[in-house]
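Structure below is my_file.txt: compact mmCIF, C-alpha atoms.
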# COMPACT_ATOMS: atom_id res chain seq x y z
CA MET A 11 92.69 1.57 263.29
CA THR A 12 89.87 3.42 265.02
CA PRO A 13 86.50 1.72 265.71
CA GLY A 14 84.82 4.16 263.35
CA THR A 15 87.14 3.20 260.52
CA ALA A 16 86.64 -0.52 261.21
CA ALA A 17 82.84 -0.09 261.20
CA ARG A 18 83.00 1.79 257.91
CA GLU A 19 84.99 -0.92 256.24
CA ALA A 20 82.75 -3.62 257.67
CA ASP A 21 79.79 -1.87 256.08
CA GLY A 22 81.54 -2.15 252.74
CA TRP A 23 81.49 1.53 251.81
CA GLN A 24 84.34 2.73 249.67
CA PRO A 25 85.11 5.97 247.85
CA ALA A 26 83.68 6.25 244.40
CA PRO A 27 86.15 6.01 241.54
CA ARG A 28 86.64 9.04 239.38
CA GLY A 29 83.74 9.27 236.97
CA VAL A 30 84.02 8.77 233.27
CA ALA A 31 82.20 12.05 232.70
CA ASP A 32 83.90 15.29 233.69
CA LEU A 33 80.96 17.35 234.79
CA GLY A 34 82.91 19.68 237.01
CA MET A 35 81.21 18.26 240.07
CA VAL A 36 81.04 15.03 241.99
CA VAL A 37 77.96 12.96 241.29
CA LEU A 38 78.93 9.96 243.41
CA ASP A 39 80.83 10.18 246.72
CA ARG A 40 80.92 6.58 247.91
CA TRP A 41 79.42 3.21 247.10
CA ARG A 42 79.15 -0.36 248.27
CA LEU A 43 78.07 -3.71 246.96
CA LEU A 44 74.87 -5.01 248.56
CA ARG A 45 74.60 -8.33 246.78
CA GLN A 46 77.23 -9.99 244.71
CA ALA A 47 76.46 -11.46 241.32
CA ASP A 48 74.17 -14.46 241.63
CA ARG A 49 73.66 -17.34 239.24
CA ASP A 50 71.80 -15.05 236.86
CA GLY A 51 74.58 -12.51 237.00
CA CYS A 52 72.52 -9.89 238.84
CA LEU A 53 74.16 -7.72 241.42
CA GLU A 54 72.98 -4.92 243.65
CA ALA A 55 74.82 -1.84 244.80
CA GLU A 56 74.12 1.47 246.45
CA GLY A 57 75.82 4.82 246.40
CA GLU A 58 75.59 8.23 247.97
CA VAL A 59 76.29 11.78 246.96
CA ALA A 60 76.10 15.00 248.92
CA VAL A 61 74.74 17.84 246.83
CA ARG A 62 76.34 21.06 248.05
CA GLY A 63 74.56 23.62 245.95
CA ASP A 64 77.52 25.89 245.26
CA GLU A 65 78.77 23.86 242.30
CA PRO A 66 78.67 25.84 239.01
CA LEU A 67 76.18 23.37 237.54
CA LEU A 68 73.84 23.84 240.49
CA GLN A 69 74.22 27.58 240.39
CA ALA A 70 73.17 27.39 236.75
CA HIS A 71 70.21 25.14 237.57
CA PHE A 72 68.87 27.47 238.74
CA PRO A 73 70.18 30.83 239.97
CA GLY A 74 68.95 31.25 243.51
CA VAL A 75 67.38 27.78 243.65
CA PRO A 76 70.06 25.13 243.20
CA ILE A 77 68.35 21.91 242.13
CA TYR A 78 70.24 18.74 241.31
CA PRO A 79 69.31 18.21 237.63
CA GLY A 80 67.38 15.07 236.83
CA VAL A 81 69.87 14.15 234.14
CA LEU A 82 72.65 14.18 236.75
CA MET A 83 70.70 11.62 238.75
CA LEU A 84 71.12 9.40 235.68
CA GLU A 85 74.83 10.16 235.82
CA THR A 86 74.90 9.12 239.46
CA VAL A 87 73.31 5.80 238.51
CA GLY A 88 75.81 5.33 235.70
CA GLN A 89 78.78 6.04 237.94
CA LEU A 90 77.42 3.66 240.56
CA ALA A 91 77.25 0.99 237.86
CA MET A 92 80.78 1.84 236.81
CA ALA A 93 82.01 1.52 240.38
CA ALA A 94 80.24 -1.81 240.87
CA LEU A 95 81.49 -3.27 237.58
CA GLY A 96 84.94 -1.73 237.66
CA MET A 97 84.85 -0.39 234.12
CA PRO A 98 83.52 2.60 232.17
CA VAL A 99 79.90 2.41 231.15
CA VAL A 100 77.74 4.42 228.77
CA LEU A 101 74.04 5.12 228.87
CA ASP A 102 72.27 3.48 225.93
CA GLU A 103 68.61 3.73 226.82
CA VAL A 104 66.28 5.21 229.39
CA ARG A 105 63.26 2.92 229.31
CA SER A 106 61.48 4.94 231.93
CA VAL A 107 62.43 7.55 234.48
CA ARG A 108 60.27 9.43 236.93
CA PHE A 109 61.37 12.26 239.19
CA TYR A 110 59.19 12.40 242.29
CA ALA A 111 60.81 15.00 244.49
CA PRO A 112 63.57 17.55 243.95
CA VAL A 113 67.03 17.19 245.41
CA LEU A 114 68.15 20.64 246.43
CA GLY A 115 71.51 22.05 247.35
CA GLY A 116 72.31 20.76 250.84
CA ASP A 117 70.46 17.49 250.33
CA GLY A 118 71.95 14.03 250.24
CA LEU A 119 70.98 11.41 247.70
CA ARG A 120 71.25 7.64 248.12
CA VAL A 121 70.77 5.41 245.12
CA THR A 122 70.19 1.67 245.13
CA ALA A 123 70.59 -0.16 241.85
CA THR A 124 70.15 -3.68 240.53
CA LEU A 125 72.25 -4.58 237.51
CA GLN A 126 71.31 -7.48 235.26
CA PRO A 127 73.16 -8.70 232.17
CA GLU A 128 71.27 -8.46 228.90
CA GLY A 129 73.77 -10.04 226.56
CA GLY A 130 77.14 -8.91 225.28
CA SER A 131 78.26 -5.74 226.96
CA ALA A 132 74.74 -4.54 227.77
CA PHE A 133 73.14 -4.61 231.18
CA GLY A 134 69.83 -3.43 232.51
CA VAL A 135 69.59 -1.21 235.55
CA THR A 136 66.68 -0.66 237.86
CA ALA A 137 67.49 2.09 240.32
CA THR A 138 65.77 4.22 242.91
CA GLY A 139 67.09 7.38 244.52
CA PHE A 140 66.15 8.58 247.99
CA ARG A 141 66.74 11.93 249.67
CA GLN A 142 68.31 11.91 253.09
CA ASP A 143 64.81 12.42 254.60
CA GLY A 144 63.70 9.15 253.06
CA VAL A 145 61.60 10.70 250.31
CA THR A 146 61.84 8.94 246.97
CA ALA A 147 63.53 11.30 244.53
CA PHE A 148 63.48 9.23 241.38
CA ALA A 149 63.12 5.79 239.84
CA VAL A 150 64.69 4.68 236.59
CA ARG A 151 64.86 1.61 234.36
CA GLY A 152 67.47 1.72 231.68
CA ARG A 153 70.21 0.02 229.78
CA TRP A 154 73.87 0.78 229.94
CA SER A 155 76.79 -0.94 228.26
CA GLY A 156 80.42 -1.34 229.06
CA GLY A 157 83.02 -4.02 228.91
CA PRO A 158 82.27 -7.76 228.72
CA TRP A 159 79.93 -8.73 231.52
CA SER A 160 82.01 -11.72 232.50
CA GLU A 161 84.91 -9.43 233.31
CA SER A 162 82.60 -7.10 235.23
CA ILE A 163 81.23 -9.94 237.35
CA GLY A 164 84.75 -10.95 238.18
CA HIS A 165 85.35 -7.48 239.55
CA ALA A 166 82.09 -7.41 241.48
CA GLN A 167 82.87 -10.67 243.18
CA GLN A 168 86.23 -9.52 244.52
CA MET B 23 63.96 33.84 217.77
CA HIS B 24 67.23 35.41 218.85
CA SER B 25 69.69 34.22 221.45
CA ASN B 26 68.37 36.92 223.78
CA ASP B 27 65.00 35.19 223.61
CA ILE B 28 66.62 31.96 224.75
CA THR B 29 68.05 33.78 227.77
CA ARG B 30 64.69 35.42 228.45
CA LEU B 31 62.65 32.21 228.26
CA LEU B 32 64.95 29.60 229.75
CA PRO B 33 66.02 29.86 233.39
CA HIS B 34 69.12 27.78 232.75
CA ARG B 35 72.39 29.66 232.81
CA PRO B 36 75.90 28.76 231.64
CA PRO B 37 77.42 26.26 231.88
CA LEU B 38 74.14 24.36 231.79
CA ARG B 39 72.30 26.30 229.10
CA LEU B 40 72.64 23.83 226.26
CA ILE B 41 70.80 25.57 223.42
CA ASP B 42 72.54 28.32 221.48
CA GLU B 43 70.34 28.81 218.42
CA ILE B 44 66.74 28.39 217.36
CA LEU B 45 66.72 27.32 213.73
CA GLN B 46 63.02 27.10 213.17
CA ILE B 47 59.96 27.38 215.38
CA GLN B 48 56.28 27.04 214.63
CA PRO B 49 53.29 25.97 216.68
CA GLY B 50 54.02 22.50 217.99
CA HIS B 51 57.46 22.04 216.42
CA ILE B 52 60.94 23.40 216.88
CA LEU B 53 64.43 22.93 215.51
CA ALA B 54 67.16 24.12 217.82
CA ALA B 55 70.90 23.67 217.86
CA TYR B 56 73.79 23.43 220.25
CA THR B 57 77.46 23.18 219.39
CA VAL B 58 79.20 20.76 221.67
CA GLY B 59 81.90 22.65 223.53
CA GLY B 60 84.56 21.62 225.95
CA ASP B 61 82.66 22.45 229.14
CA PHE B 62 81.88 18.81 229.75
CA THR B 63 83.54 15.71 228.47
CA ALA B 64 83.10 12.02 228.86
CA ALA B 65 85.56 9.32 227.94
CA PRO B 66 84.10 7.25 225.13
CA VAL B 67 83.48 3.61 225.97
CA GLY B 68 85.02 1.45 223.34
CA ASP B 69 88.33 0.82 221.74
CA GLY B 70 89.78 4.15 222.78
CA THR B 71 90.25 5.48 219.25
CA ARG B 72 87.79 8.35 219.69
CA GLY B 73 88.20 11.53 221.64
CA ALA B 74 86.10 12.97 224.39
CA VAL B 75 82.37 13.03 223.87
CA MET B 76 79.43 14.90 225.34
CA PRO B 77 77.87 12.97 228.23
CA ARG B 78 74.68 11.41 226.95
CA SER B 79 72.79 12.66 229.96
CA LEU B 80 73.56 16.19 228.79
CA VAL B 81 72.38 15.42 225.26
CA LEU B 82 69.08 14.61 226.99
CA GLU B 83 69.28 17.87 228.95
CA SER B 84 69.91 19.82 225.76
CA PHE B 85 66.90 18.25 224.07
CA GLY B 86 64.78 18.95 227.10
CA GLN B 87 65.72 22.62 226.99
CA CYS B 88 64.79 22.71 223.30
CA ALA B 89 61.37 21.27 224.08
CA ALA B 90 60.98 23.72 226.96
CA LEU B 91 61.64 26.63 224.62
CA LEU B 92 58.89 25.39 222.33
CA TRP B 93 56.47 25.12 225.26
CA LEU B 94 57.28 28.52 226.70
CA ASP B 95 57.29 30.30 223.37
CA GLY B 96 53.92 28.81 222.53
CA ALA B 97 52.58 29.83 225.93
CA GLY B 98 53.89 33.34 225.36
CA ARG B 99 55.75 33.46 228.64
CA ALA B 100 58.99 32.81 230.42
CA VAL B 101 59.48 30.87 233.65
CA GLY B 102 58.34 33.18 236.42
CA ASP B 103 60.57 34.43 239.22
CA GLN B 104 58.79 32.18 241.72
CA GLU B 105 58.66 29.16 239.44
CA VAL B 106 60.95 26.30 238.51
CA LEU B 107 60.94 24.27 235.33
CA MET B 108 61.55 20.61 236.07
CA PHE B 109 62.07 17.35 234.24
CA ALA B 110 59.31 15.10 235.57
CA ALA B 111 59.51 11.89 233.56
CA GLY B 112 60.77 10.27 230.38
CA ARG B 113 60.29 7.11 228.40
CA ARG B 114 61.76 5.37 225.37
CA ILE B 115 64.90 7.50 225.27
CA ARG B 116 67.62 5.94 223.17
CA PHE B 117 71.14 7.03 222.45
CA LEU B 118 72.48 5.69 219.18
CA ARG B 119 75.80 7.47 218.85
CA ASP B 120 77.96 9.90 220.74
CA ALA B 121 78.42 13.59 220.01
CA GLU B 122 81.99 14.83 219.99
CA GLU B 123 83.36 18.27 220.74
CA GLY B 124 82.59 20.53 217.82
CA ASP B 125 79.56 18.55 216.70
CA ARG B 126 76.42 20.56 216.07
CA LEU B 127 73.44 18.96 217.78
CA VAL B 128 70.21 19.69 215.92
CA HIS B 129 67.16 18.85 218.00
CA HIS B 130 63.82 18.20 216.34
CA ALA B 131 61.15 18.47 219.04
CA ALA B 132 57.37 18.28 218.94
CA LEU B 133 55.01 19.38 221.68
CA ASP B 134 52.56 16.48 221.95
CA LYS B 135 50.20 17.85 224.57
CA ILE B 136 49.88 20.23 227.49
CA VAL B 137 47.89 19.38 230.61
CA GLY B 138 47.81 22.35 232.94
CA THR B 139 51.39 23.08 233.91
CA THR B 140 52.65 19.78 232.47
CA ALA B 141 53.98 19.43 228.95
CA PHE B 142 54.70 16.33 226.89
CA ALA B 143 57.24 16.37 224.09
CA SER B 144 59.05 13.96 221.81
CA GLY B 145 61.59 14.06 219.03
CA PHE B 146 65.12 13.26 218.03
CA THR B 147 68.57 14.74 217.74
CA GLN B 148 70.86 14.69 214.75
CA VAL B 149 74.47 15.49 213.99
CA ASP B 150 75.28 16.06 210.34
CA GLY B 151 71.94 14.59 209.40
CA ASN B 152 72.51 11.38 211.37
CA THR B 153 70.21 10.61 214.27
CA ILE B 154 72.17 10.17 217.48
CA ALA B 155 69.31 10.12 219.97
CA GLU B 156 65.58 9.49 220.08
CA PHE B 157 63.15 10.76 222.69
CA GLY B 158 59.89 8.87 222.87
CA SER B 159 58.32 10.96 225.62
CA ILE B 160 59.66 13.77 227.79
CA ILE B 161 57.50 15.31 230.49
CA ALA B 162 58.27 18.66 232.09
CA VAL B 163 56.40 20.62 234.73
CA LEU B 164 56.31 24.19 235.96
CA ARG B 165 56.12 24.39 239.74
CA SER B 166 56.25 27.14 242.29
CA TRP B 167 59.30 27.49 244.49
CA ASN B 168 57.15 27.09 247.58
CA SER B 169 55.93 23.68 246.45
CA LEU B 170 59.49 22.30 246.49
CA SER B 171 59.33 21.95 250.26
CA GLU B 172 56.00 20.15 250.28
CA ALA B 173 55.32 16.47 250.94
CA PRO B 174 56.57 13.64 248.69
CA ASN B 175 55.53 13.54 245.06
CA ASN B 176 55.68 17.29 244.97
CA ILE B 177 57.05 17.34 241.45
CA GLY B 178 53.46 16.97 240.44
CA THR B 179 51.04 14.19 241.20
CA SER B 180 49.35 14.84 237.88
CA ALA B 181 52.59 14.42 235.98
CA VAL B 182 53.47 11.28 237.91
CA ALA B 183 49.97 9.86 237.40
CA LEU B 184 50.08 10.58 233.70
CA ALA B 185 53.51 9.00 233.42
CA ARG B 186 52.39 5.99 235.43
CA LYS B 187 49.37 5.49 233.19
CA GLU B 188 51.52 5.57 230.09
CA THR B 189 53.93 3.07 231.68
CA GLN B 190 51.06 0.77 232.63
CA ASP B 191 49.78 0.92 229.07
CA ASP B 192 53.23 -0.11 227.89
CA CYS B 193 53.35 -3.01 230.39
CA CYS B 194 49.95 -4.26 229.20
CA ARG B 195 51.11 -4.16 225.61
CA THR B 196 54.28 -6.06 226.61
CA ILE B 197 52.38 -8.75 228.52
CA SER B 198 49.91 -9.27 225.69
CA ARG B 199 52.66 -10.01 223.16
Exercise: express the given structure as C-alpha cells:
Amino acid sequence: MTPGTAAREADGWQPAPRGVADLGMVVLDRWRLLRQADRDGCLEAEGEVAVRGDEPLLQAHFPGVPIYPGVLMLETVGQLAMAALGMPVVLDEVRSVRFYAPVLGGDGLRVTATLQPEGGSAFGVTATGFRQDGVTAFAVRGRWSGGPWSESIGHAQQ
Amino acid sequence: MHSNDITRLLPHRPPLRLIDEILQIQPGHILAAYTVGGDFTAAPVGDGTRGAVMPRSLVLESFGQCAALLWLDGAGRAVGDQEVLMFAAGRRIRFLRDAEEGDRLVHHAALDKIVGTTAFASGFTQVDGNTIAEFGSIIAVLRSWNSLSEAPNNIGTSAVALARKETQDDCCRTISR
C-alpha cells in the first residue's frame, strides 16, 4: 500500500456509488462522511465532482460555453445524500436555492451537506457548493426522502 | 409559436432542450409541453413497482425553460450570441409525483416581474391534469459571457439581493408564527 493510498483512505474519501439518475454524465466523483449521526440524527458529508465540459449535457448547456446546469448541482447534492445514507433518495422540495457563481467546464465542485431527519423517510438538507477556487457556487435548503431514516443512520455510522 | 421559434429563442440544445411544444402563450402566461423521453431516467424510490421516471431536477429544468420562453418572447428577443441565460434562484419548489417515460408534462408558467435582466416566474406542472410539481418562485438572469469570469456573486448581485430579501421576508413570517 503506497503512502498516497493510505493518506486517501485516512481522509475518508471513497468513490461515489452509481447514481440513481442516469443523466449520461457523472455528477458525483467521490465523497466522505465528515460527521457521523449525532443524538439528533444529523450527519454531515462532502463530495466532489470534476466538470469536464465535453459531456453531451454540457455541450447542450450551452454550445460553446459549457456551464454545469444549476439543476445538476441539485442532483449532486442528492447523490451525495444517497452515498451518505446508502440508499436511493428523491428530491421532494427545494425550499430555497441560490446560484452565486457559474461552474464551467474544467471546474471542480465541492459540496458540503448537512442531513437532518424530519420524520418518516424525509430528511432536510442544507448544502453549499464551492468551486475549486473557493468561490461559493450555490447554496440550497431542501427536503429529500428515501428509505427509513433509522436504516440510513445505521449505514452512516459504519 | 412553432418549434422553430423554440430553437430560435432558447439556447439549450438536445439532449437538454426540454420543451417541445408551446400550447398557448399570451402576455404574462404560457402553457408549454414536453413529452418525457428515454434520454434520462431515474429509478423510482419506493416499492419498486414503477418503471423509470424523469429526474425531478430535470422537471424543474423543463419548467425553467418554459418560463424562459415566456420571458424572451415577451421581450421580443432571443438570447444573444454573447449572452448566457442562467438559473439564479428558486424558492418553494415542490415535487408531488413523478413523471414517467411517455408522460406529457404541461407547464403553466406566469411571469411575475422583470427587473432589468432578471426575471421572476412561478407556476406548476401537470400530467393528465394532475399537478406533479409546483414552483413558487424561479429567478433567471441574462448575463454576458465576459461576466462569467468576474469576481464572486457574478451571477448577478441584483438577483441574489432580490432573492435574499424574499428569503428574509419568509424567515420573518416564520419567526412571527
**Item:** 7 Å contacts from chain A to chain B using all atoms listed in the file, as a PyMOL selection string
**Value:** chain A and resi 30-33+67+70-72+80-82+84-85+98-112+145+156
**Asked** If you measure from atom CA of Gly34 of chain A to atom CA of Leu95 of chain A, what distance in Å do you get, rounded to one decimal?
**Response**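 That distance, rounded to one decimal, is 23.0 Å.
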**9 Å contact set for Thr57 of chain B, all atoms listed in the file, chain neighbours under 3 positions out, as a PyMOL selection string** = chain B and resi 40-42+123-128
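Proximity to Tyr78 of chain A was assessed for A:Met35, A:Leu43, A:Val150, A:Val135 counting all atoms listed in the file; the smallest distance is recorded for A:Met35.
The interatomic distance for the pair atom CA of Phe146 of chain B and atom CA of Ala131 of chain B works out to 6.6 Å.
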**Message:** Restricting the calculation to all atoms listed in the file: of A:Val61, A:Ala123, A:Met92, A:Ala26, which residue gets closest to Thr138 of chain A?
**Reply:** A:Ala123
**Message:** Please report the interatomic distance between atom CA of Ser144 of chain B and atom CA of Asn168 of chain B in Å with one decimal.
**Reply:**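 Atom CA of Asn168 of chain B lies at a distance of 29.0 Å from atom CA of Ser144 of chain B.
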**Request:** Dig up all the protein and nucleic acid residues within 10 Å of (70.8, 1.9, 238.8) in the file frame, using all atoms listed in the file, and format them as a PyMOL selection string.
**Result:** chain A and resi 54-57+83-91+121-125+134-139+149-154
